[in-house]
>>> print(open('coords32.cif').read())   # mmCIF, N, CA and C atoms
data_final
loop_
_atom_site.label_atom_id
_atom_site.label_comp_id
_atom_site.auth_asym_id
_atom_site.auth_seq_id
_atom_site.Cartn_x
_atom_site.Cartn_y
_atom_site.Cartn_z
N MET X 1 130.29 137.81 79.61
CA MET X 1 131.04 138.70 80.48
C MET X 1 132.46 138.14 80.62
N GLN X 2 133.45 139.00 80.53
CA GLN X 2 134.83 138.57 80.66
C GLN X 2 135.44 139.14 81.94
N TYR X 3 136.30 138.34 82.54
CA TYR X 3 136.99 138.76 83.74
C TYR X 3 138.48 138.51 83.56
N ASN X 4 139.26 139.23 84.30
CA ASN X 4 140.68 138.97 84.36
C ASN X 4 140.84 137.66 85.13
N GLU X 5 141.59 136.71 84.58
CA GLU X 5 141.75 135.40 85.22
C GLU X 5 142.24 135.50 86.66
N SER X 6 143.08 136.48 86.95
CA SER X 6 143.64 136.57 88.29
C SER X 6 142.57 136.91 89.33
N GLU X 7 141.47 137.53 88.90
CA GLU X 7 140.40 137.85 89.85
C GLU X 7 139.83 136.59 90.47
N PHE X 8 139.82 135.49 89.71
CA PHE X 8 139.23 134.25 90.19
C PHE X 8 140.17 133.45 91.09
N LEU X 9 141.37 133.96 91.35
CA LEU X 9 142.35 133.23 92.14
C LEU X 9 142.43 133.69 93.59
N ILE X 10 141.61 134.67 93.97
CA ILE X 10 141.68 135.22 95.32
C ILE X 10 140.62 134.57 96.21
N GLU X 11 141.09 133.82 97.19
CA GLU X 11 140.16 133.12 98.08
C GLU X 11 139.95 133.90 99.37
N THR X 12 138.71 133.93 99.81
CA THR X 12 138.36 134.43 101.13
C THR X 12 138.09 133.19 101.98
N VAL X 13 138.80 133.05 103.07
CA VAL X 13 138.62 131.89 103.94
C VAL X 13 137.54 132.21 104.96
N VAL X 14 136.56 131.33 105.05
CA VAL X 14 135.48 131.48 106.03
C VAL X 14 136.06 131.12 107.40
N PRO X 15 135.99 132.02 108.38
CA PRO X 15 136.52 131.72 109.72
C PRO X 15 135.82 130.53 110.36
N GLU X 16 136.59 129.75 111.10
CA GLU X 16 136.09 128.52 111.73
C GLU X 16 134.86 128.75 112.61
N ASP X 17 134.78 129.90 113.26
CA ASP X 17 133.69 130.13 114.21
C ASP X 17 132.50 130.86 113.59
N GLU X 18 132.45 130.94 112.26
CA GLU X 18 131.38 131.67 111.58
C GLU X 18 130.39 130.71 110.92
N LEU X 19 129.15 131.15 110.85
CA LEU X 19 128.08 130.42 110.20
C LEU X 19 127.40 131.38 109.21
N ILE X 20 127.38 130.99 107.96
CA ILE X 20 126.71 131.80 106.94
C ILE X 20 125.28 131.32 106.84
N ILE X 21 124.34 132.25 106.96
CA ILE X 21 122.92 131.90 106.93
C ILE X 21 122.19 132.75 105.90
N SER X 22 121.35 132.11 105.12
CA SER X 22 120.47 132.84 104.22
C SER X 22 119.15 132.09 104.10
N ARG X 23 118.15 132.84 103.65
CA ARG X 23 116.84 132.26 103.35
C ARG X 23 116.44 132.76 101.98
N THR X 24 115.68 131.92 101.27
CA THR X 24 115.16 132.33 99.97
C THR X 24 113.68 131.97 99.89
N ASN X 25 112.99 132.60 98.95
CA ASN X 25 111.63 132.17 98.68
C ASN X 25 111.72 130.88 97.87
N LEU X 26 110.60 130.36 97.45
CA LEU X 26 110.59 129.07 96.76
C LEU X 26 111.21 129.11 95.37
N GLN X 27 111.43 130.31 94.84
CA GLN X 27 112.07 130.46 93.55
C GLN X 27 113.58 130.75 93.67
N GLY X 28 114.11 130.74 94.90
CA GLY X 28 115.54 130.96 95.11
C GLY X 28 115.94 132.42 95.21
N ILE X 29 114.98 133.31 95.46
CA ILE X 29 115.27 134.73 95.63
C ILE X 29 115.59 134.99 97.11
N ILE X 30 116.70 135.65 97.38
CA ILE X 30 117.17 135.86 98.75
C ILE X 30 116.22 136.79 99.51
N THR X 31 115.77 136.31 100.68
CA THR X 31 114.88 137.09 101.54
C THR X 31 115.55 137.45 102.87
N TYR X 32 116.66 136.76 103.19
CA TYR X 32 117.41 137.04 104.42
C TYR X 32 118.87 136.68 104.19
N ALA X 33 119.76 137.52 104.69
CA ALA X 33 121.21 137.25 104.63
C ALA X 33 121.82 137.76 105.93
N ASN X 34 122.49 136.87 106.67
CA ASN X 34 123.11 137.34 107.92
C ASN X 34 124.37 138.15 107.62
N GLU X 35 124.90 138.80 108.66
CA GLU X 35 126.08 139.65 108.51
C GLU X 35 127.28 138.89 107.95
N THR X 36 127.42 137.64 108.36
CA THR X 36 128.54 136.83 107.90
C THR X 36 128.44 136.59 106.39
N PHE X 37 127.25 136.30 105.91
CA PHE X 37 127.06 136.11 104.47
C PHE X 37 127.47 137.37 103.73
N CYS X 38 127.04 138.51 104.21
CA CYS X 38 127.40 139.78 103.58
C CYS X 38 128.92 139.98 103.59
N ALA X 39 129.54 139.79 104.73
CA ALA X 39 130.98 140.02 104.86
C ALA X 39 131.79 139.08 103.97
N ILE X 40 131.45 137.81 103.95
CA ILE X 40 132.22 136.83 103.18
C ILE X 40 131.97 136.98 101.68
N SER X 41 130.74 137.28 101.29
CA SER X 41 130.42 137.40 99.86
C SER X 41 130.84 138.74 99.27
N GLY X 42 131.03 139.75 100.14
CA GLY X 42 131.40 141.08 99.66
C GLY X 42 130.23 141.94 99.26
N TYR X 43 129.03 141.44 99.41
CA TYR X 43 127.82 142.20 99.08
C TYR X 43 127.20 142.78 100.34
N SER X 44 126.55 143.91 100.21
CA SER X 44 125.77 144.45 101.32
C SER X 44 124.44 143.70 101.39
N GLU X 45 123.77 143.81 102.51
CA GLU X 45 122.47 143.17 102.66
C GLU X 45 121.50 143.68 101.58
N GLU X 46 121.55 144.98 101.32
CA GLU X 46 120.68 145.58 100.31
C GLU X 46 120.94 145.01 98.92
N GLU X 47 122.20 144.71 98.62
CA GLU X 47 122.55 144.14 97.32
C GLU X 47 122.09 142.69 97.19
N LEU X 48 122.02 141.96 98.30
CA LEU X 48 121.64 140.55 98.26
C LEU X 48 120.13 140.35 98.25
N LEU X 49 119.41 141.10 99.08
CA LEU X 49 117.97 140.89 99.20
C LEU X 49 117.28 141.17 97.87
N GLY X 50 116.41 140.24 97.50
CA GLY X 50 115.68 140.37 96.24
C GLY X 50 116.40 139.80 95.03
N GLN X 51 117.64 139.34 95.22
CA GLN X 51 118.43 138.76 94.13
C GLN X 51 118.34 137.23 94.17
N SER X 52 118.54 136.61 93.02
CA SER X 52 118.62 135.16 92.96
C SER X 52 119.87 134.71 93.71
N HIS X 53 119.75 133.59 94.42
CA HIS X 53 120.92 133.05 95.13
C HIS X 53 122.02 132.67 94.14
N ASN X 54 121.66 132.54 92.85
CA ASN X 54 122.65 132.27 91.81
C ASN X 54 123.69 133.38 91.70
N LEU X 55 123.40 134.52 92.29
CA LEU X 55 124.33 135.64 92.29
C LEU X 55 125.72 135.21 92.77
N VAL X 56 125.77 134.27 93.71
CA VAL X 56 127.05 133.82 94.27
C VAL X 56 127.50 132.47 93.70
N ARG X 57 126.86 132.03 92.64
CA ARG X 57 127.26 130.75 92.03
C ARG X 57 128.57 130.93 91.27
N HIS X 58 129.57 130.19 91.65
CA HIS X 58 130.88 130.25 91.00
C HIS X 58 130.84 129.46 89.69
N PRO X 59 131.48 129.95 88.63
CA PRO X 59 131.47 129.23 87.36
C PRO X 59 132.15 127.86 87.41
N ASP X 60 132.93 127.58 88.44
CA ASP X 60 133.54 126.26 88.59
C ASP X 60 132.55 125.19 89.05
N MET X 61 131.37 125.60 89.50
CA MET X 61 130.40 124.65 90.02
C MET X 61 129.64 123.97 88.87
N PRO X 62 129.59 122.64 88.89
CA PRO X 62 128.86 121.92 87.84
C PRO X 62 127.35 122.21 87.91
N ARG X 63 126.73 122.39 86.75
CA ARG X 63 125.28 122.62 86.70
C ARG X 63 124.53 121.44 87.29
N SER X 64 125.06 120.24 87.08
CA SER X 64 124.37 119.03 87.55
C SER X 64 124.22 119.01 89.07
N LEU X 65 125.15 119.62 89.78
CA LEU X 65 125.05 119.68 91.23
C LEU X 65 123.82 120.47 91.67
N PHE X 66 123.55 121.57 90.97
CA PHE X 66 122.39 122.39 91.33
C PHE X 66 121.09 121.75 90.88
N LYS X 67 121.13 120.97 89.79
CA LYS X 67 119.94 120.20 89.39
C LYS X 67 119.60 119.20 90.49
N GLU X 68 120.63 118.52 91.01
CA GLU X 68 120.45 117.56 92.10
C GLU X 68 119.91 118.25 93.34
N LEU X 69 120.47 119.43 93.66
CA LEU X 69 120.02 120.20 94.82
C LEU X 69 118.53 120.50 94.72
N TRP X 70 118.09 121.06 93.59
CA TRP X 70 116.68 121.42 93.42
C TRP X 70 115.79 120.19 93.41
N HIS X 71 116.25 119.11 92.80
CA HIS X 71 115.47 117.86 92.79
C HIS X 71 115.25 117.36 94.23
N THR X 72 116.31 117.40 95.02
CA THR X 72 116.23 116.96 96.42
C THR X 72 115.26 117.84 97.21
N LEU X 73 115.36 119.16 97.04
CA LEU X 73 114.46 120.07 97.75
C LEU X 73 113.02 119.88 97.33
N LYS X 74 112.78 119.65 96.04
CA LYS X 74 111.40 119.45 95.55
C LYS X 74 110.78 118.17 96.12
N GLU X 75 111.63 117.24 96.55
CA GLU X 75 111.15 116.01 97.21
C GLU X 75 110.99 116.20 98.72
N ASN X 76 111.07 117.46 99.16
CA ASN X 76 110.95 117.81 100.58
C ASN X 76 112.03 117.16 101.44
N LYS X 77 113.21 117.01 100.87
CA LYS X 77 114.35 116.46 101.59
C LYS X 77 115.40 117.54 101.79
N GLN X 78 116.29 117.30 102.72
CA GLN X 78 117.41 118.21 102.99
C GLN X 78 118.56 117.86 102.05
N TRP X 79 119.23 118.88 101.51
CA TRP X 79 120.40 118.67 100.67
C TRP X 79 121.62 119.18 101.40
N SER X 80 122.74 118.48 101.26
CA SER X 80 124.00 118.99 101.81
C SER X 80 125.11 118.66 100.83
N GLY X 81 126.10 119.55 100.81
CA GLY X 81 127.22 119.34 99.92
C GLY X 81 128.21 120.48 100.01
N VAL X 82 129.31 120.33 99.30
CA VAL X 82 130.38 121.32 99.29
C VAL X 82 130.16 122.24 98.10
N VAL X 83 130.25 123.54 98.35
CA VAL X 83 129.97 124.53 97.32
C VAL X 83 131.09 125.58 97.28
N LYS X 84 131.49 125.92 96.08
CA LYS X 84 132.42 127.03 95.85
C LYS X 84 131.57 128.21 95.40
N ASN X 85 131.61 129.29 96.15
CA ASN X 85 130.80 130.47 95.84
C ASN X 85 131.66 131.61 95.29
N LEU X 86 131.01 132.47 94.54
CA LEU X 86 131.64 133.61 93.90
C LEU X 86 131.37 134.87 94.73
N ARG X 87 132.44 135.60 95.03
CA ARG X 87 132.30 136.87 95.74
C ARG X 87 131.98 138.00 94.76
N LYS X 88 131.55 139.11 95.28
CA LYS X 88 131.27 140.29 94.45
C LYS X 88 132.51 140.72 93.68
N ASP X 89 133.69 140.62 94.30
CA ASP X 89 134.94 141.04 93.65
C ASP X 89 135.53 139.96 92.74
N LYS X 90 134.76 138.91 92.49
CA LYS X 90 135.12 137.76 91.64
C LYS X 90 136.11 136.81 92.30
N GLY X 91 136.41 137.03 93.56
CA GLY X 91 137.14 136.04 94.34
C GLY X 91 136.18 134.90 94.68
N PHE X 92 136.59 134.02 95.58
CA PHE X 92 135.74 132.87 95.90
C PHE X 92 135.88 132.47 97.36
N TYR X 93 134.94 131.63 97.80
CA TYR X 93 135.02 131.02 99.12
C TYR X 93 134.31 129.67 99.07
N TRP X 94 134.84 128.73 99.85
CA TRP X 94 134.31 127.37 99.91
C TRP X 94 133.52 127.19 101.20
N VAL X 95 132.43 126.42 101.10
CA VAL X 95 131.61 126.13 102.28
C VAL X 95 131.01 124.73 102.17
N HIS X 96 130.62 124.20 103.31
CA HIS X 96 129.74 123.04 103.34
C HIS X 96 128.36 123.60 103.59
N ALA X 97 127.42 123.30 102.69
CA ALA X 97 126.08 123.85 102.78
C ALA X 97 125.06 122.78 103.16
N ILE X 98 124.12 123.18 104.00
CA ILE X 98 122.96 122.36 104.33
C ILE X 98 121.74 123.21 104.00
N ILE X 99 120.92 122.73 103.07
CA ILE X 99 119.77 123.49 102.60
C ILE X 99 118.52 122.65 102.83
N SER X 100 117.51 123.28 103.41
CA SER X 100 116.27 122.55 103.68
C SER X 100 115.09 123.50 103.62
N GLY X 101 113.91 122.90 103.57
CA GLY X 101 112.69 123.67 103.53
C GLY X 101 112.31 124.20 104.89
N VAL X 102 111.58 125.31 104.89
CA VAL X 102 111.00 125.89 106.10
C VAL X 102 109.49 125.75 105.94
N TYR X 103 108.85 125.15 106.93
CA TYR X 103 107.43 124.86 106.85
C TYR X 103 106.66 125.62 107.92
N LYS X 104 105.50 126.10 107.53
CA LYS X 104 104.57 126.73 108.47
C LYS X 104 103.23 126.03 108.32
N ASN X 105 102.76 125.45 109.42
CA ASN X 105 101.51 124.68 109.40
C ASN X 105 101.54 123.59 108.33
N GLY X 106 102.70 122.96 108.18
CA GLY X 106 102.85 121.86 107.24
C GLY X 106 103.02 122.26 105.79
N VAL X 107 103.10 123.57 105.52
CA VAL X 107 103.23 124.06 104.15
C VAL X 107 104.63 124.64 103.95
N LEU X 108 105.28 124.22 102.87
CA LEU X 108 106.60 124.74 102.52
C LEU X 108 106.47 126.21 102.14
N VAL X 109 107.21 127.08 102.85
CA VAL X 109 107.10 128.52 102.59
C VAL X 109 108.41 129.16 102.10
N GLU X 110 109.54 128.54 102.43
CA GLU X 110 110.83 129.08 102.00
C GLU X 110 111.91 128.04 102.22
N TYR X 111 113.15 128.39 101.83
CA TYR X 111 114.31 127.53 102.04
C TYR X 111 115.32 128.27 102.90
N LYS X 112 116.02 127.50 103.73
CA LYS X 112 117.10 128.08 104.54
C LYS X 112 118.38 127.35 104.20
N SER X 113 119.48 128.09 104.25
CA SER X 113 120.78 127.53 103.96
C SER X 113 121.74 127.91 105.07
N LEU X 114 122.39 126.91 105.64
CA LEU X 114 123.42 127.09 106.67
C LEU X 114 124.73 126.61 106.07
N ARG X 115 125.74 127.49 106.11
CA ARG X 115 127.01 127.15 105.49
C ARG X 115 128.16 127.34 106.48
N THR X 116 129.04 126.34 106.49
CA THR X 116 130.18 126.33 107.41
C THR X 116 131.47 126.15 106.61
N PRO X 117 132.60 126.54 107.22
CA PRO X 117 133.89 126.41 106.51
C PRO X 117 134.31 124.96 106.34
N ILE X 118 135.20 124.73 105.37
CA ILE X 118 135.80 123.41 105.16
C ILE X 118 137.31 123.59 105.08
N GLY X 119 138.03 122.50 105.24
CA GLY X 119 139.48 122.54 105.22
C GLY X 119 140.08 122.48 103.81
N PHE X 120 141.37 122.73 103.74
CA PHE X 120 142.08 122.79 102.46
C PHE X 120 141.97 121.49 101.68
N LYS X 121 142.16 120.34 102.33
CA LYS X 121 142.10 119.05 101.62
C LYS X 121 140.73 118.82 101.00
N GLU X 122 139.69 119.22 101.73
CA GLU X 122 138.32 119.08 101.22
C GLU X 122 138.11 120.00 100.00
N LYS X 123 138.63 121.20 100.06
CA LYS X 123 138.52 122.14 98.94
C LYS X 123 139.21 121.56 97.70
N LEU X 124 140.43 121.09 97.88
CA LEU X 124 141.19 120.53 96.77
C LEU X 124 140.48 119.32 96.17
N LYS X 125 139.99 118.44 97.03
CA LYS X 125 139.27 117.24 96.58
C LYS X 125 138.07 117.64 95.72
N HIS X 126 137.29 118.61 96.19
CA HIS X 126 136.08 119.00 95.47
C HIS X 126 136.39 119.82 94.22
N GLN X 127 137.44 120.61 94.23
CA GLN X 127 137.81 121.34 93.01
C GLN X 127 138.13 120.35 91.90
N LYS X 128 138.92 119.32 92.23
CA LYS X 128 139.28 118.31 91.23
C LYS X 128 138.05 117.54 90.77
N LEU X 129 137.18 117.17 91.70
CA LEU X 129 135.94 116.46 91.37
C LEU X 129 135.06 117.30 90.47
N TYR X 130 134.86 118.56 90.82
CA TYR X 130 133.98 119.43 90.04
C TYR X 130 134.56 119.72 88.66
N ASP X 131 135.89 119.83 88.56
CA ASP X 131 136.52 120.00 87.26
C ASP X 131 136.23 118.79 86.37
N LYS X 132 136.33 117.58 86.93
CA LYS X 132 136.06 116.35 86.16
C LYS X 132 134.60 116.29 85.73
N ILE X 133 133.70 116.64 86.63
CA ILE X 133 132.26 116.61 86.31
C ILE X 133 131.96 117.60 85.19
N ARG X 134 132.50 118.80 85.30
CA ARG X 134 132.25 119.83 84.28
C ARG X 134 132.80 119.38 82.92
N GLN X 135 133.98 118.80 82.93
CA GLN X 135 134.58 118.33 81.68
C GLN X 135 133.73 117.21 81.09
N LYS X 136 133.32 116.26 81.92
CA LYS X 136 132.50 115.12 81.47
C LYS X 136 131.18 115.60 80.88
N ASN X 137 130.60 116.65 81.46
CA ASN X 137 129.30 117.16 81.02
C ASN X 137 129.42 118.18 79.89
N GLY X 138 130.64 118.43 79.42
CA GLY X 138 130.84 119.36 78.31
C GLY X 138 130.68 120.82 78.70
N GLU X 139 130.79 121.10 80.01
CA GLU X 139 130.71 122.49 80.47
C GLU X 139 132.07 123.15 80.32
N LYS X 140 132.06 124.46 80.29
CA LYS X 140 133.31 125.20 80.22
C LYS X 140 134.17 124.86 81.43
N THR X 141 135.47 124.74 81.20
CA THR X 141 136.39 124.47 82.30
C THR X 141 137.42 125.58 82.37
N ARG X 142 137.95 125.73 83.54
CA ARG X 142 138.91 126.80 83.83
C ARG X 142 140.31 126.33 83.43
N ILE X 143 141.02 127.21 82.75
CA ILE X 143 142.42 126.94 82.41
C ILE X 143 143.23 128.15 82.87
N VAL X 144 144.24 127.89 83.67
CA VAL X 144 145.11 128.97 84.12
C VAL X 144 146.44 128.80 83.42
N THR X 145 146.89 129.85 82.75
CA THR X 145 148.18 129.80 82.06
C THR X 145 149.06 130.94 82.55
N TYR X 146 150.34 130.70 82.52
CA TYR X 146 151.31 131.73 82.90
C TYR X 146 152.16 132.01 81.68
N ILE X 147 152.32 133.26 81.36
CA ILE X 147 153.09 133.64 80.18
C ILE X 147 154.35 134.37 80.61
#
>>> encode(input="coords32.cif", output="structure tokens")
Amino acid sequence: MQYNESEFLIETVVPEDELIISRTNLQGIITYANETFCAISGYSEEELLGQSHNLVRHPDMPRSLFKELWHTLKENKQWSGVVKNLRKDKGFYWVHAIISGVYKNGVLVEYKSLRTPIGFKEKLKHQKLYDKIRQKNGEKTRIVTYI
């Protein structure tokens, strides 16, 4: 799939007083999305429910980060980290995510994700870090050129 490069340059800033919440089944399929998630991602609740959470995975995110995330969750531990997500309109938004299991009677039944905004310096730090990781791992990297 090809996109116009400029589409990837439009950031949606998550408001300081907002909390993005979602839940997925054990395979990462979205089962709940709060209004804030819908508004920030640009998708309606109907468009999100039943979809893989990968729907909002930005191509700038290193694959290794998600391998680490799933490994941590499979060990019944909580994962937290900075994530750049992809909006429906191909723009993006940055969040700090905390993802953990939801248990009923001691049995893991789903995952919940709570995401909060981060500041500009944190975004810049992680963009540079993720670019280096992607390059090191031989993943495609983003190049912006002006003609």
>>> closest_residue(input="coords32.cif", among="X:Pro117, X:Pro62, X:Gly101, X:Gly28", to="Glu139 of chain X", atoms="only N, CA and C atoms")
X:Pro62
>>> residues_near_point(input="coords32.cif", point="(139.3, 132.1, 94.7)", cutoff="9 Å", atoms="only C-alpha atoms", output="list in words")
Ser6, Glu7, Phe8, Leu9, Ile10, Glu11, Thr12, Lys84, Asn85, Leu86, Arg87, Lys90, Gly91, Phe92, Tyr93 and Trp94 of chain X
>>> atom_distance(input="coords32.cif", atom1="atom N of Lys112 of chain X", atom2="atom C of Glu45 of chain X")
17.2 Å
>>> closest_atom_pairs(input="coords32.cif", of="segment 64-112 of chain X", to="segment 17-25 of chain X", cutoff="8 Å", atoms="all atoms listed in the file", output="JSON lines")
{"residue": "X:Val109", "atom": "C", "partner": "X:Asn25", "partner_atom": "CA", "distance": 5.6}
{"residue": "X:Glu110", "atom": "CA", "partner": "X:Thr24", "partner_atom": "C", "distance": 4.6}
{"residue": "X:Tyr111", "atom": "C", "partner": "X:Thr24", "partner_atom": "N", "distance": 4.0}
{"residue": "X:Lys112", "atom": "CA", "partner": "X:Arg23", "partner_atom": "CA", "distance": 4.4}
>>> resolve_selection(input="coords32.cif", expression="the PyMOL selection byres (((chain X and resi 115 and name CA) around 6) and name CA)", output="ChimeraX atom specification")
/X:19-20,95-97,114,116
>>> select_by_dssp(input="coords32.cif", residues="chain X", states="strand (DSSP E)", output="VMD selection string")
chain X and resid 20 to 24 30 to 33 79 to 86 92 to 104 107 to 116
>>> resolve_selection(input="coords32.cif", expression="the PyMOL selection byres (((chain X and resi 47-55 and name CA) around 7) and name CA)", output="short mmCIF file (atom, residue, chain, number, x, y, z; two decimals) with N, CA and C atoms, in the coordinates of the input")
data_model
loop_
_atom_site.label_atom_id
_atom_site.label_comp_id
_atom_site.auth_asym_id
_atom_site.auth_seq_id
_atom_site.Cartn_x
_atom_site.Cartn_y
_atom_site.Cartn_z
N GLY X 28 114.11 130.74 94.90
CA GLY X 28 115.54 130.96 95.11
C GLY X 28 115.94 132.42 95.21
N ILE X 29 114.98 133.31 95.46
CA ILE X 29 115.27 134.73 95.63
C ILE X 29 115.59 134.99 97.11
N ILE X 30 116.70 135.65 97.38
CA ILE X 30 117.17 135.86 98.75
C ILE X 30 116.22 136.79 99.51
N THR X 31 115.77 136.31 100.68
CA THR X 31 114.88 137.09 101.54
C THR X 31 115.55 137.45 102.87
N TYR X 32 116.66 136.76 103.19
CA TYR X 32 117.41 137.04 104.42
C TYR X 32 118.87 136.68 104.19
N TYR X 43 129.03 141.44 99.41
CA TYR X 43 127.82 142.20 99.08
C TYR X 43 127.20 142.78 100.34
N SER X 44 126.55 143.91 100.21
CA SER X 44 125.77 144.45 101.32
C SER X 44 124.44 143.70 101.39
N GLU X 45 123.77 143.81 102.51
CA GLU X 45 122.47 143.17 102.66
C GLU X 45 121.50 143.68 101.58
N GLU X 46 121.55 144.98 101.32
CA GLU X 46 120.68 145.58 100.31
C GLU X 46 120.94 145.01 98.92
N VAL X 56 125.77 134.27 93.71
CA VAL X 56 127.05 133.82 94.27
C VAL X 56 127.50 132.47 93.70
N ARG X 57 126.86 132.03 92.64
CA ARG X 57 127.26 130.75 92.03
C ARG X 57 128.57 130.93 91.27
#
>>> atom_distance(input="coords32.cif", atom1="atom N of His126 of chain X", atom2="atom N of Val102 of chain X")
28.0 Å
>>> closest_residue(input="coords32.cif", among="X:Ile98, X:Met61, X:Lys125, X:Ile133", to="Gln78 of chain X", atoms="only C-alpha atoms")
X:Ile98
>>> select_by_dssp(input="coords32.cif", residues="chain X", states="alpha helix (DSSP H)", output="count of residues only")
40
>>> atom_distance(input="coords32.cif", atom1="atom CA of Thr72 of chain X", atom2="atom CA of Leu129 of chain X")
20.4 Å
